[in-house]
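Colleague: Dropping in coords.txt, which is compact mmCIF, C-alpha atoms:
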```txt
# COMPACT_ATOMS: atom_id res chain seq x y z
CA MET A 10 -20.22 -51.13 78.18
CA GLU A 11 -23.88 -51.62 77.37
CA LEU A 12 -25.18 -53.99 74.70
CA LEU A 13 -27.14 -51.83 72.27
CA GLY A 14 -28.53 -54.82 70.45
CA LYS A 15 -28.00 -58.07 68.61
CA VAL A 16 -28.99 -58.82 65.03
CA ARG A 17 -28.69 -61.77 62.65
CA ASN A 18 -27.03 -60.88 59.35
CA GLY A 19 -26.74 -63.73 56.85
CA ASN A 20 -24.93 -66.63 58.54
CA TYR A 21 -23.75 -64.85 61.68
CA ASP A 22 -24.81 -62.69 64.63
CA ILE A 23 -23.68 -59.14 65.32
CA TYR A 24 -23.47 -57.76 68.86
CA MET A 25 -23.25 -53.97 69.02
CA TYR A 26 -22.07 -52.17 72.18
CA SER A 27 -22.32 -48.59 73.40
CA ASP A 28 -18.55 -47.93 73.21
CA GLY A 29 -18.39 -48.98 69.56
CA THR A 30 -17.32 -52.54 70.17
CA LYS A 31 -18.77 -54.87 67.56
CA ILE A 32 -18.62 -58.67 67.71
CA ARG A 33 -19.32 -61.01 64.80
CA LYS A 34 -19.95 -64.56 65.80
CA ASN A 35 -21.04 -67.93 64.38
CA ASP A 36 -20.08 -71.62 64.50
CA LEU A 37 -18.73 -71.63 60.95
CA ASP A 38 -15.39 -70.66 59.41
CA CYS A 39 -16.59 -67.59 57.48
CA PHE A 40 -19.05 -64.70 57.70
CA ILE A 41 -21.45 -64.19 54.80
CA PRO A 42 -23.52 -61.03 55.28
CA ASP A 43 -26.99 -60.56 53.88
CA LYS A 44 -26.91 -56.78 54.16
CA PRO A 45 -24.14 -54.26 54.86
CA GLU A 46 -23.11 -53.77 58.47
CA SER A 47 -22.02 -50.25 57.75
CA LEU A 48 -22.85 -47.65 55.16
CA ASP A 49 -20.66 -44.73 54.18
CA TYR A 50 -23.45 -42.22 53.58
CA LYS A 51 -22.72 -38.92 51.88
CA ILE A 52 -25.54 -36.51 52.61
CA THR A 53 -24.16 -33.29 51.21
CA ASN A 54 -21.53 -32.42 48.66
CA LYS A 55 -18.04 -31.35 49.45
CA CYS A 56 -18.68 -28.21 47.49
CA ASN A 57 -16.07 -25.60 46.85
CA ILE A 58 -18.82 -23.09 46.25
CA GLY A 59 -20.31 -23.75 49.67
CA CYS A 60 -22.86 -21.50 51.31
CA LYS A 61 -23.50 -19.41 48.26
CA PHE A 62 -25.39 -22.30 46.66
CA CYS A 63 -27.40 -23.28 49.75
CA HIS A 64 -30.46 -21.61 48.30
CA GLU A 65 -30.48 -24.23 45.53
CA ASP A 66 -31.56 -27.00 47.90
CA SER A 67 -34.85 -27.49 46.15
CA LYS A 68 -33.22 -28.00 42.75
CA PRO A 69 -32.68 -31.53 41.43
CA ASP A 70 -28.96 -30.81 41.26
CA GLY A 71 -28.78 -29.18 44.68
CA ARG A 72 -25.83 -29.80 46.94
CA HIS A 73 -27.74 -31.63 49.71
CA GLY A 74 -29.07 -35.17 49.42
CA ASP A 75 -32.81 -35.70 49.84
CA ILE A 76 -32.13 -37.90 52.86
CA MET A 77 -35.71 -37.98 54.14
CA HIS A 78 -36.80 -39.76 50.96
CA ASP A 79 -34.03 -42.34 50.53
CA LYS A 80 -36.33 -45.36 50.84
CA PHE A 81 -33.51 -47.88 51.19
CA ILE A 82 -32.88 -46.57 54.72
CA ASP A 83 -36.06 -48.39 55.82
CA THR A 84 -34.68 -51.69 54.53
CA LEU A 85 -31.43 -51.68 56.56
CA ASN A 86 -30.95 -54.11 59.43
CA PRO A 87 -31.28 -52.65 62.93
CA TYR A 88 -27.88 -51.65 64.36
CA THR A 89 -26.48 -50.93 60.91
CA GLU A 90 -23.92 -48.15 61.25
CA LEU A 91 -24.31 -45.07 59.06
CA ALA A 92 -21.01 -43.26 58.67
CA ILE A 93 -22.52 -39.89 57.79
CA GLY A 94 -20.31 -37.40 56.02
CA GLY A 95 -20.10 -34.89 53.25
CA GLY A 96 -19.16 -32.03 53.12
CA ASN A 97 -20.09 -30.66 56.44
CA PRO A 98 -23.09 -32.79 57.47
CA LEU A 99 -24.07 -30.23 60.11
CA GLU A 100 -25.13 -27.92 57.30
CA HIS A 101 -27.78 -30.32 56.04
CA PRO A 102 -31.18 -28.79 56.83
CA ASP A 103 -32.81 -32.19 57.49
CA LEU A 104 -30.04 -33.64 59.63
CA ASP A 105 -31.87 -33.62 62.97
CA ARG A 106 -35.09 -35.01 61.49
CA PHE A 107 -33.11 -37.71 59.73
CA LEU A 108 -31.30 -38.70 62.92
CA GLU A 109 -34.64 -38.97 64.74
CA LYS A 110 -35.82 -41.30 62.00
CA CYS A 111 -32.64 -43.40 62.39
CA LYS A 112 -33.25 -43.65 66.11
CA LYS A 113 -36.74 -45.05 65.49
CA LEU A 114 -35.26 -47.60 63.08
CA ARG A 115 -32.59 -48.53 65.71
CA LEU A 116 -29.79 -47.56 63.32
CA ILE A 117 -26.41 -46.36 64.58
CA PRO A 118 -25.55 -43.01 63.00
CA ASN A 119 -21.94 -41.88 63.28
CA MET A 120 -20.69 -38.62 61.86
CA THR A 121 -17.44 -37.05 60.73
CA VAL A 122 -16.76 -33.34 61.03
CA ASN A 123 -13.73 -31.16 60.56
CA GLN A 124 -12.00 -29.90 63.73
CA VAL A 125 -13.00 -26.32 62.91
CA HIS A 126 -16.68 -27.28 62.69
CA PHE A 127 -16.32 -29.51 65.74
CA VAL A 128 -15.10 -26.66 67.94
CA LYS A 129 -17.57 -24.17 66.50
CA HIS A 130 -20.61 -26.45 66.86
CA PHE A 131 -19.49 -28.36 69.95
CA ASP A 132 -22.65 -27.73 72.00
CA ARG A 133 -24.90 -28.93 69.19
CA ILE A 134 -22.77 -32.01 68.56
CA LYS A 135 -22.66 -32.88 72.26
CA LYS A 136 -26.43 -32.61 72.45
CA LEU A 137 -26.83 -34.94 69.46
CA ILE A 138 -24.61 -37.46 71.26
CA ASP A 139 -26.34 -37.02 74.64
CA ASP A 140 -29.71 -37.57 72.93
CA LYS A 141 -28.36 -40.78 71.35
CA LEU A 142 -28.91 -39.41 67.87
CA ILE A 143 -25.20 -39.78 67.11
CA TYR A 144 -22.98 -42.53 68.52
CA GLY A 145 -19.47 -42.30 67.08
CA LEU A 146 -17.95 -38.98 66.12
CA GLY A 147 -14.98 -38.62 63.78
CA VAL A 148 -13.09 -35.35 64.03
CA SER A 149 -10.66 -34.47 61.24
CA LEU A 150 -7.58 -33.02 62.84
CA VAL A 151 -6.32 -29.64 61.68
CA SER A 152 -4.00 -28.70 64.55
CA VAL A 153 -3.65 -29.61 68.20
CA ASN A 154 -4.57 -26.92 70.72
CA ASP A 155 -5.91 -26.76 74.29
CA GLU A 156 -9.48 -25.88 73.35
CA PHE A 157 -9.71 -28.82 70.96
CA LEU A 158 -8.22 -31.24 73.49
CA SER A 159 -10.55 -30.05 76.22
CA LYS A 160 -13.62 -30.53 74.04
CA VAL A 161 -12.69 -33.82 72.39
CA SER A 162 -11.83 -35.33 75.78
CA GLN A 163 -15.44 -34.80 76.89
CA LEU A 164 -16.74 -37.22 74.26
CA PRO A 165 -15.71 -40.84 74.95
CA ASN A 166 -16.79 -42.00 71.51
CA ALA A 167 -14.92 -39.34 69.57
CA VAL A 168 -12.15 -40.58 67.30
CA ILE A 169 -9.56 -38.22 65.86
CA HIS A 170 -8.91 -38.69 62.14
CA MET A 171 -5.31 -38.34 61.05
CA ILE A 172 -3.99 -38.79 57.51
CA ASN A 173 -0.88 -40.87 57.07
CA GLY A 174 1.58 -38.55 55.35
CA VAL A 175 -0.26 -35.30 56.02
CA HIS A 176 0.29 -35.91 59.75
CA ASP A 177 3.56 -37.40 60.86
CA VAL A 178 4.84 -38.82 64.13
CA ASP A 179 5.41 -35.36 65.64
CA ASP A 180 1.69 -34.59 65.25
CA PHE A 181 0.78 -37.91 66.87
CA ARG A 182 3.10 -37.14 69.81
CA LYS A 183 1.13 -33.98 70.62
CA LEU A 184 -1.85 -36.24 71.39
CA TYR A 185 -0.02 -38.87 73.43
CA ASP A 186 -1.22 -40.20 76.79
CA LYS A 187 -4.54 -38.39 76.97
CA GLY A 188 -6.76 -41.46 76.62
CA LEU A 189 -7.72 -40.49 73.06
CA LYS A 190 -8.89 -42.65 70.17
CA ILE A 191 -7.44 -42.14 66.70
CA LEU A 192 -8.23 -43.36 63.21
CA ILE A 193 -5.32 -43.33 60.77
CA LEU A 194 -6.43 -42.86 57.19
CA GLY A 195 -4.36 -43.71 54.15
CA TYR A 196 -3.18 -40.89 51.93
CA LYS A 197 -5.23 -41.03 48.74
CA GLU A 198 -3.51 -40.60 45.43
CA PHE A 199 -6.37 -39.72 43.15
CA ARG A 200 -6.74 -39.57 39.41
CA ARG A 201 -3.80 -37.86 37.75
CA GLY A 202 -2.43 -36.84 41.14
CA LYS A 203 -0.25 -39.89 41.35
CA ALA A 204 2.18 -38.37 38.89
CA PHE A 205 2.63 -35.42 41.17
CA TYR A 206 3.24 -37.30 44.36
CA ASP A 207 4.95 -35.21 47.00
CA ASP A 208 8.28 -36.26 48.55
CA VAL A 209 7.26 -34.63 51.82
CA VAL A 210 4.22 -36.89 52.08
CA GLU A 211 6.33 -39.95 51.29
CA PHE A 212 8.87 -39.01 53.95
CA ALA A 213 6.16 -38.54 56.60
CA LYS A 214 4.61 -41.90 55.66
CA GLN A 215 7.93 -43.64 56.07
CA ARG A 216 8.45 -42.06 59.50
CA ASN A 217 4.98 -43.12 60.61
CA TYR A 218 5.73 -46.69 59.54
CA VAL A 219 8.95 -46.69 61.55
CA PHE A 220 7.33 -45.16 64.62
CA LEU A 221 4.03 -47.06 64.51
CA PRO A 222 5.01 -49.43 67.35
CA GLU A 223 5.61 -46.33 69.52
CA ILE A 224 2.39 -44.58 68.41
CA VAL A 225 0.08 -47.48 69.32
CA GLU A 226 1.34 -47.45 72.91
CA HIS A 227 0.04 -43.94 73.63
CA PHE A 228 -3.64 -44.01 72.65
CA ALA A 229 -6.75 -45.68 74.03
CA VAL A 230 -7.58 -46.91 70.52
CA VAL A 231 -5.63 -46.86 67.27
CA SER A 232 -7.72 -47.83 64.25
CA PHE A 233 -6.99 -47.77 60.51
CA ASP A 234 -8.82 -47.60 57.23
CA ASN A 235 -7.91 -50.20 54.62
CA LEU A 236 -5.56 -47.89 52.75
CA ALA A 237 -3.61 -47.06 55.93
CA LEU A 238 -3.42 -50.75 56.85
CA GLU A 239 -1.69 -51.30 53.53
CA GLN A 240 0.56 -48.21 53.64
CA LEU A 241 1.71 -48.87 57.20
CA LYS A 242 1.97 -52.65 56.76
CA VAL A 243 -0.02 -53.18 59.95
CA LYS A 244 -0.50 -56.88 59.25
CA ASP A 245 3.24 -57.41 59.74
CA MET A 246 2.91 -56.21 63.35
CA LEU A 247 0.30 -58.79 64.31
CA SER A 248 0.15 -62.54 64.67
CA ASP A 249 -2.06 -64.39 62.17
CA LYS A 250 -4.53 -65.16 64.93
CA ALA A 251 -4.79 -61.51 66.02
CA TRP A 252 -5.10 -60.29 62.42
CA LYS A 253 -7.89 -62.80 61.71
CA GLU A 254 -9.80 -61.66 64.77
CA LEU A 255 -9.26 -57.91 64.41
CA TYR A 256 -9.35 -57.24 60.66
CA MET A 257 -12.93 -56.28 59.86
CA GLY A 258 -12.74 -56.80 56.06
CA GLY A 259 -12.08 -54.98 52.82
CA ASP A 260 -14.20 -52.31 51.17
CA GLY A 261 -17.47 -53.81 49.93
CA GLN A 262 -17.20 -56.97 52.02
CA PHE A 263 -19.38 -55.73 54.89
CA THR A 264 -19.67 -52.10 53.86
CA MET A 265 -20.71 -49.94 50.93
CA PHE A 266 -21.03 -46.31 49.88
CA VAL A 267 -24.17 -44.33 49.09
CA ASP A 268 -24.08 -40.82 47.67
CA SER A 269 -27.44 -39.29 48.52
CA VAL A 270 -26.61 -36.13 46.58
CA GLU A 271 -26.04 -37.88 43.25
CA LYS A 272 -28.36 -40.83 44.11
CA THR A 273 -25.73 -43.45 43.37
CA PHE A 274 -24.13 -46.34 45.22
CA SER A 275 -20.83 -48.18 44.95
CA LYS A 276 -18.32 -50.28 46.85
CA SER A 277 -16.60 -47.26 48.35
CA SER A 278 -16.28 -43.51 48.01
CA THR A 279 -13.15 -44.00 45.91
CA THR A 280 -15.07 -45.86 43.16
CA PRO A 281 -14.88 -43.72 39.98
CA VAL A 282 -18.05 -41.74 39.33
CA GLU A 283 -18.75 -43.48 36.02
CA GLU A 284 -18.71 -46.91 37.71
CA ARG A 285 -21.30 -46.02 40.35
CA LYS A 286 -24.82 -47.33 39.95
CA PRO A 287 -28.19 -45.61 40.37
CA LEU A 288 -29.66 -45.83 43.85
CA LEU A 289 -32.50 -48.35 44.47
CA ASP A 290 -35.21 -48.46 47.12
CA ASP A 291 -33.95 -51.70 48.68
CA ILE A 292 -30.50 -52.20 50.19
CA LYS A 293 -30.33 -55.94 49.43
CA PRO A 294 -29.92 -55.82 45.59
CA MET A 295 -27.52 -52.88 45.97
CA PHE A 296 -25.33 -54.79 48.41
CA ASP A 297 -25.51 -57.90 46.21
CA ALA A 298 -24.24 -55.79 43.28
CA VAL A 299 -21.40 -54.38 45.40
CA ARG A 300 -20.35 -57.80 46.64
CA GLY A 301 -20.50 -59.19 43.08
CA GLU A 302 -17.92 -56.66 41.85
CA MET B 3 -15.63 -67.94 64.26
CA ILE B 4 -15.38 -64.61 66.04
CA GLN B 5 -14.22 -61.14 65.02
CA VAL B 6 -14.08 -58.14 67.30
CA ARG B 7 -13.79 -54.42 66.72
CA ARG B 8 -12.90 -52.85 70.05
CA ASN B 9 -14.09 -49.51 71.44
CA VAL B 10 -14.62 -47.51 68.27
CA PHE B 11 -17.50 -46.80 65.93
CA GLU B 12 -17.24 -46.68 62.14
CA THR B 13 -16.71 -43.14 60.88
CA ASN B 14 -15.94 -42.08 57.34
CA SER B 15 -13.27 -39.93 55.83
CA SER B 16 -14.03 -36.80 53.93
CA SER B 17 -10.49 -35.86 53.03
CA THR B 18 -9.98 -34.18 49.71
CA HIS B 19 -7.02 -34.26 47.41
CA SER B 20 -7.39 -33.47 43.75
CA LEU B 21 -5.13 -32.40 41.01
CA VAL B 22 -5.83 -31.18 37.51
CA MET B 23 -2.94 -31.62 35.11
CA ALA B 24 -2.92 -30.46 31.56
CA VAL B 25 -0.52 -29.70 28.76
CA LYS B 26 -0.02 -25.97 28.52
CA SER B 27 -2.07 -25.48 25.35
CA GLU B 28 -5.06 -27.23 26.97
CA PHE B 29 -4.55 -25.32 30.20
CA ASP B 30 -4.44 -21.97 28.37
CA LYS B 31 -7.71 -22.75 26.60
CA TRP B 32 -9.31 -23.64 29.94
CA ARG B 33 -8.08 -20.39 31.47
CA GLU B 34 -9.36 -18.39 28.50
CA GLY B 35 -12.82 -19.96 28.81
CA GLU B 36 -12.73 -22.11 25.67
CA LEU B 37 -12.83 -25.36 27.67
CA TYR B 38 -14.56 -26.67 30.76
CA TYR B 39 -12.99 -29.19 33.11
CA CYS B 40 -15.12 -32.26 33.93
CA ASN B 41 -15.01 -32.54 37.71
CA GLY B 42 -17.36 -35.54 37.74
CA PHE B 43 -20.26 -36.57 35.52
CA TRP B 44 -22.91 -39.20 35.83
CA THR B 45 -26.38 -39.59 34.31
CA ASN B 46 -29.04 -42.26 33.98
CA ASP B 47 -29.89 -41.04 30.49
CA PRO B 48 -28.45 -43.52 27.94
CA ALA B 49 -28.19 -40.73 25.36
CA TYR B 50 -25.59 -38.93 27.46
CA LYS B 51 -24.24 -41.69 29.69
CA ASP B 52 -20.83 -41.86 28.01
CA LYS B 53 -20.64 -38.31 26.77
CA PHE B 54 -18.28 -36.87 29.39
CA LYS B 55 -15.52 -38.48 31.43
CA GLU B 56 -14.26 -37.19 34.75
CA GLY B 57 -10.81 -35.62 34.56
CA ASN B 58 -11.03 -34.50 30.91
CA PHE B 59 -11.54 -31.13 29.26
CA TYR B 60 -14.41 -30.39 26.88
CA PRO B 61 -15.15 -27.54 24.48
CA LYS B 62 -17.44 -24.93 25.98
CA ALA B 63 -19.89 -25.42 23.09
CA ASP B 64 -20.30 -29.16 23.80
CA VAL B 65 -21.03 -28.67 27.49
CA ASP B 66 -23.37 -25.73 26.86
CA ALA B 67 -25.22 -27.78 24.24
CA TYR B 68 -25.67 -30.63 26.70
CA TYR B 69 -27.18 -28.37 29.36
CA GLU B 70 -29.38 -26.69 26.80
CA ALA B 71 -30.63 -30.10 25.67
CA ILE B 72 -31.56 -31.16 29.21
CA GLY B 73 -33.03 -27.75 29.99
CA ARG B 74 -30.80 -26.78 32.90
CA GLU B 75 -28.11 -24.28 33.65
CA ARG B 76 -24.54 -25.50 33.63
CA ASP B 77 -23.48 -26.97 36.94
CA SER B 78 -20.30 -25.10 37.82
CA TYR B 79 -19.25 -27.81 40.25
CA ARG B 80 -19.33 -30.54 37.62
CA PHE B 81 -18.01 -28.40 34.78
CA PRO B 82 -16.05 -25.52 36.24
CA THR B 83 -14.25 -22.82 34.37
CA TYR B 84 -10.69 -22.19 35.49
CA ASP B 85 -11.80 -19.34 37.77
CA GLU B 86 -14.64 -21.39 39.27
CA PHE B 87 -12.29 -24.29 39.96
CA CYS B 88 -9.77 -22.05 41.71
CA GLU B 89 -12.36 -20.17 43.77
CA ASP B 90 -12.44 -22.09 47.05
CA ASP B 91 -13.09 -20.94 50.60
CA GLU B 92 -12.28 -24.25 52.26
CA LEU B 93 -9.50 -25.95 50.32
CA GLU B 94 -5.92 -24.96 49.72
CA VAL B 95 -5.25 -24.23 46.04
CA GLU B 96 -1.80 -24.21 44.48
CA SER B 97 -0.59 -24.23 40.91
CA TYR B 98 2.61 -25.56 39.40
CA ASN B 99 4.31 -25.48 36.02
CA TYR B 100 7.05 -27.76 34.83
CA VAL B 101 8.65 -29.07 31.68
CA THR B 102 9.02 -32.78 30.95
CA PRO B 103 12.36 -34.22 29.74
CA ASN B 104 10.80 -34.24 26.26
CA GLY B 105 10.21 -30.51 26.48
CA GLU B 106 6.47 -30.64 26.96
CA GLU B 107 5.09 -27.86 29.16
CA ILE B 108 2.76 -29.15 31.89
CA CYS B 109 0.50 -27.14 34.19
CA ALA B 110 -1.06 -28.44 37.39
CA ILE B 111 -3.61 -27.07 39.84
CA ALA B 112 -3.73 -28.90 43.17
CA LYS B 113 -6.57 -28.62 45.65
CA TYR B 114 -6.35 -30.25 49.02
CA GLY B 115 -7.76 -30.07 52.49
CA TYR B 116 -6.93 -31.35 55.91
CA ASN B 117 -10.43 -32.69 56.29
CA GLY B 118 -9.52 -36.30 57.13
```
Transcribe the structure of this file into C-alpha cells.
Modeller:
Amino acid sequence: MELLGKVRNGNYDIYMYSDGTKIRKNDLDCFIPDKPESLDYKITNKCNIGCKFCHEDSKPDGRHGDIMHDKFIDTLNPYTELAIGGGNPLEHPDLDRFLEKCKKLRLIPNMTVNQVHFVKHFDRIKKLIDDKLIYGLGVSLVSVNDEFLSKVSQLPNAVIHMINGVHDVDDFRKLYDKGLKILILGYKEFRRGKAFYDDVVEFAKQRNYVFLPEIVEHFAVVSFDNLALEQLKVKDMLSDKAWKELYMGGDGQFTMFVDSVEKTFSKSSTTPVEERKPLLDDIKPMFDAVRGE
Amino acid sequence: MIQVRRNVFETNSSSTHSLVMAVKSEFDKWREGELYYCNGFWTNDPAYKDKFKEGNFYPKADVDAYYEAIGRERDSYRFPTYDEFCEDDELEVESYNYVTPNGEEICAIAKYGYNG
C-alpha cells in the first residue's frame, strides 16, 4: 500500500494510505482533532420526485447542492475524507468538476451508490477511480448476482453496504470467500417508525448477532457504522486493547455531516432537521459547534 | 497512542426508512387534501423558524400562506399531499391500518429502500 500523505490534526498525526488504511498517532493518551477527519457530504437530495424536478437545479430550493460554491471545502485539511452521498451522487451535474477540485486540494473523496446505479454506471465509476478522483466506493446491496460480483471484484477499494436486519446471514453467505469488503450498517428506527418496528427485522438482527463470528471469517474486511456496532455488540467480541486500537470514534468526534442541498451542518445525518445549523464558510467553527454538542 | 483503520475508506449510508403514522381522522384529512404532511422544514428566517415541525400535519391554508409570504411555490418534497408522498419511483411504499387496544384507528404509510 502506498502512503497518500500525512497531516497534523490538532494533537496528533494522520497517515492516509491508498487501500483506505488510516493511522492516528501521537505520544499522548488521547486524540484531540482540530478539524474533522471525515465529512459525510450530501450533495443531492434523496428525492422521491427524482428526475422530473432536475430542471429546477437553478432554483434556490433545487434538489442538488451548489457544491462548487461551498467555501468551507477550501478550509479542510488535506487528506480529509469526503463521504459523498445523496441521493444518487452520479446525477449531480457538477460532480466531475467538484472531484477535480478535491484532487487539487488533496482531499479524499469517497462515494456511495446503489447497486443498480453501480452496475448501470460501472464504466464511469471505474474511470473516476482510475483517475484518482474517487478513492473508496460504497455499494448498497440490493441482491447478489454474477454481474454484480464480477464488477465489484474489479475494484479493490469497493465496500459492499449491508443493513443489519434488512440483510441476514443468508445474504452474507452469498458473498463469502470472494475477497470482498463489507460495511454493516445499523437498522435505523426513525421518527414515529419505532412504534411500528417489524418482527422480521428483529429476527434477522438476532441471527446476524449469533452468526457474526462466522461472518467475519469470510471477508477481506468487515467494518461497521456506530449503530451496527451497538446492535451487534461488536465490542463484546474484542479485547479491550483491540477495541481501543480499532474503534475510530463516535459520530461528531472526528466526523460531521454537511447537507449541501439545505446548506446546513450537524453531528450526523440522523440529527433532526430542526437541530441542524446554517452552513458557514469555515470548517473550524462548524466542527467546534459539533464537538460542543 | 495509536489507532488504525485497516483497508477501507469511509463511505456514508444513504438508506431510507420513513413512516408516517396518523390517527384516522387526521389521515383522512390529509388524503382529502385538507392537510399537508411536514416531511422536513428548516429556515434561517426567525419569523418562521419554529412555525413547522417535521413529522406533523398542517392545514393547507397555513402552508399555502407561508409560501405566499416568502414568494415561492410550495415545495412538494417538504410539504407533500398524500398523493405526492405516495408517488415514488425508487422507494417501496406500503400502507397499514390497525386499531389500538383503546379502539383508536391508526393509519400508517411506510416508505423504505434497500439503499444502504
Colleague: Please provide as a list in words all residues within 9 Å of range 69-86 of chain B, with the sequence filter that same-chain residues fewer than 5 positions apart are discarded (counting only C-alpha atoms).
Modeller: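 Here the answer would be Cys56, Asn57, Ile58 and Asp70 of chain A; Phe29, Trp32, Arg33, Glu34, Gly35, Glu36, Leu37, Tyr38, Tyr39, Cys40, Asn41, Gly42, Phe43, Glu56, Phe59, Tyr60 and Asp64 of chain B.
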Colleague: Give me, as a Markdown table, the closest atom pair and its distance (Å, one decimal) for every residue of chain A within a cut-off of 7 Å of chain B, counting only C-alpha atoms, rows sorted by chain and rising number.
Modeller:
```
| residue | atom | partner | partner_atom | distance |
| --- | --- | --- | --- | --- |
| A:Asp28 | CA | B:Asn9 | CA | 5.1 |
| A:Gly29 | CA | B:Val10 | CA | 4.2 |
| A:Thr30 | CA | B:Arg8 | CA | 4.4 |
| A:Lys31 | CA | B:Arg7 | CA | 5.1 |
| A:Ile32 | CA | B:Val6 | CA | 4.6 |
| A:Arg33 | CA | B:Gln5 | CA | 5.1 |
| A:Lys34 | CA | B:Ile4 | CA | 4.6 |
| A:Asn35 | CA | B:Met3 | CA | 5.4 |
| A:Asp36 | CA | B:Met3 | CA | 5.8 |
| A:Leu37 | CA | B:Met3 | CA | 5.8 |
| A:Asp38 | CA | B:Met3 | CA | 5.6 |
| A:Cys39 | CA | B:Met3 | CA | 6.9 |
| A:Asp49 | CA | B:Asn14 | CA | 6.3 |
| A:Asn57 | CA | B:Asp90 | CA | 5.1 |
| A:Ile58 | CA | B:Asp90 | CA | 6.5 |
| A:Glu90 | CA | B:Glu12 | CA | 6.9 |
| A:Ala92 | CA | B:Thr13 | CA | 4.8 |
| A:Ile93 | CA | B:Asn14 | CA | 6.9 |
| A:Gly94 | CA | B:Asn14 | CA | 6.5 |
| A:Gly95 | CA | B:Ser16 | CA | 6.4 |
| A:Asn119 | CA | B:Thr13 | CA | 5.9 |
| A:Met120 | CA | B:Thr13 | CA | 6.1 |
| A:Thr121 | CA | B:Thr13 | CA | 6.1 |
| A:Asn123 | CA | B:Asn117 | CA | 5.6 |
| A:Gly145 | CA | B:Phe11 | CA | 5.0 |
| A:Leu146 | CA | B:Thr13 | CA | 6.8 |
| A:Gly147 | CA | B:Thr13 | CA | 5.6 |
| A:Ser149 | CA | B:Gly118 | CA | 4.6 |
| A:Leu150 | CA | B:Gly118 | CA | 6.9 |
| A:Val151 | CA | B:Tyr116 | CA | 6.0 |
| A:Asn166 | CA | B:Val10 | CA | 6.8 |
| A:His170 | CA | B:Gly118 | CA | 5.6 |
| A:Met171 | CA | B:Gly118 | CA | 6.1 |
| A:Ile172 | CA | B:Gly118 | CA | 6.1 |
| A:Phe199 | CA | B:Ser20 | CA | 6.4 |
| A:Arg201 | CA | B:Leu21 | CA | 6.5 |
| A:Gly202 | CA | B:Leu21 | CA | 5.2 |
| A:Glu254 | CA | B:Gln5 | CA | 4.5 |
| A:Leu255 | CA | B:Val6 | CA | 5.6 |
| A:Val282 | CA | B:Gly42 | CA | 6.4 |
| A:Glu283 | CA | B:Trp44 | CA | 6.0 |
```
Colleague: What gap, in Å, lies between CA of His176 in chain A and CA of Thr279 in chain A?
Modeller: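 Between these atoms lies a distance of 20.9 Å.
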Colleague: Find the distance between CA of Ser269 in chain A and CA of Glu46 in chain A and write it in Å to one decimal.
Modeller: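 Going from CA of Ser269 in chain A over to CA of Glu46 in chain A covers 18.1 Å.
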Colleague: Grab the CA of Pro61 in chain B to CA of Ala49 in chain B distance for me, in Å with one decimal place.
Modeller: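 Straight-line distance from CA of Pro61 in chain B to CA of Ala49 in chain B works out to 18.6 Å.
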Colleague: Select, from A:Leu158, A:Leu236, A:Ala213, A:Leu164, the residue with the minimum atom-to-atom distance to Lys136 in chain A, counting all atoms listed in the file.
Modeller: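 Smallest distance to Lys136 in chain A is found for A:Leu164.
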Colleague: Between B:Lys53, B:Asn58, B:Pro48, B:Ala63, which is the closest to Val25 in chain B once you count all atoms listed in the file?
Modeller: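 Residue with the minimum atom-to-atom distance to Val25 in chain B: B:Asn58.
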Colleague: List as a PyMOL selection string the protein and nucleic acid residues near Arg300 in chain A, meaning an atom at most 12 Å away when all atoms listed in the file are counted, but skip any in the same chain fewer than 3 places from it.
Modeller: chain A and resi 41-45+259-266+275-277+293-297
Colleague: Using only C-alpha atoms, find all polymer residues with an atom at most 12 Å away from the point (-27.0, -36.8, 52.5); report them as a ChimeraX atom specification.
Modeller: /A:48-55,66,71-79,82,91-105,107-108,120,266-273
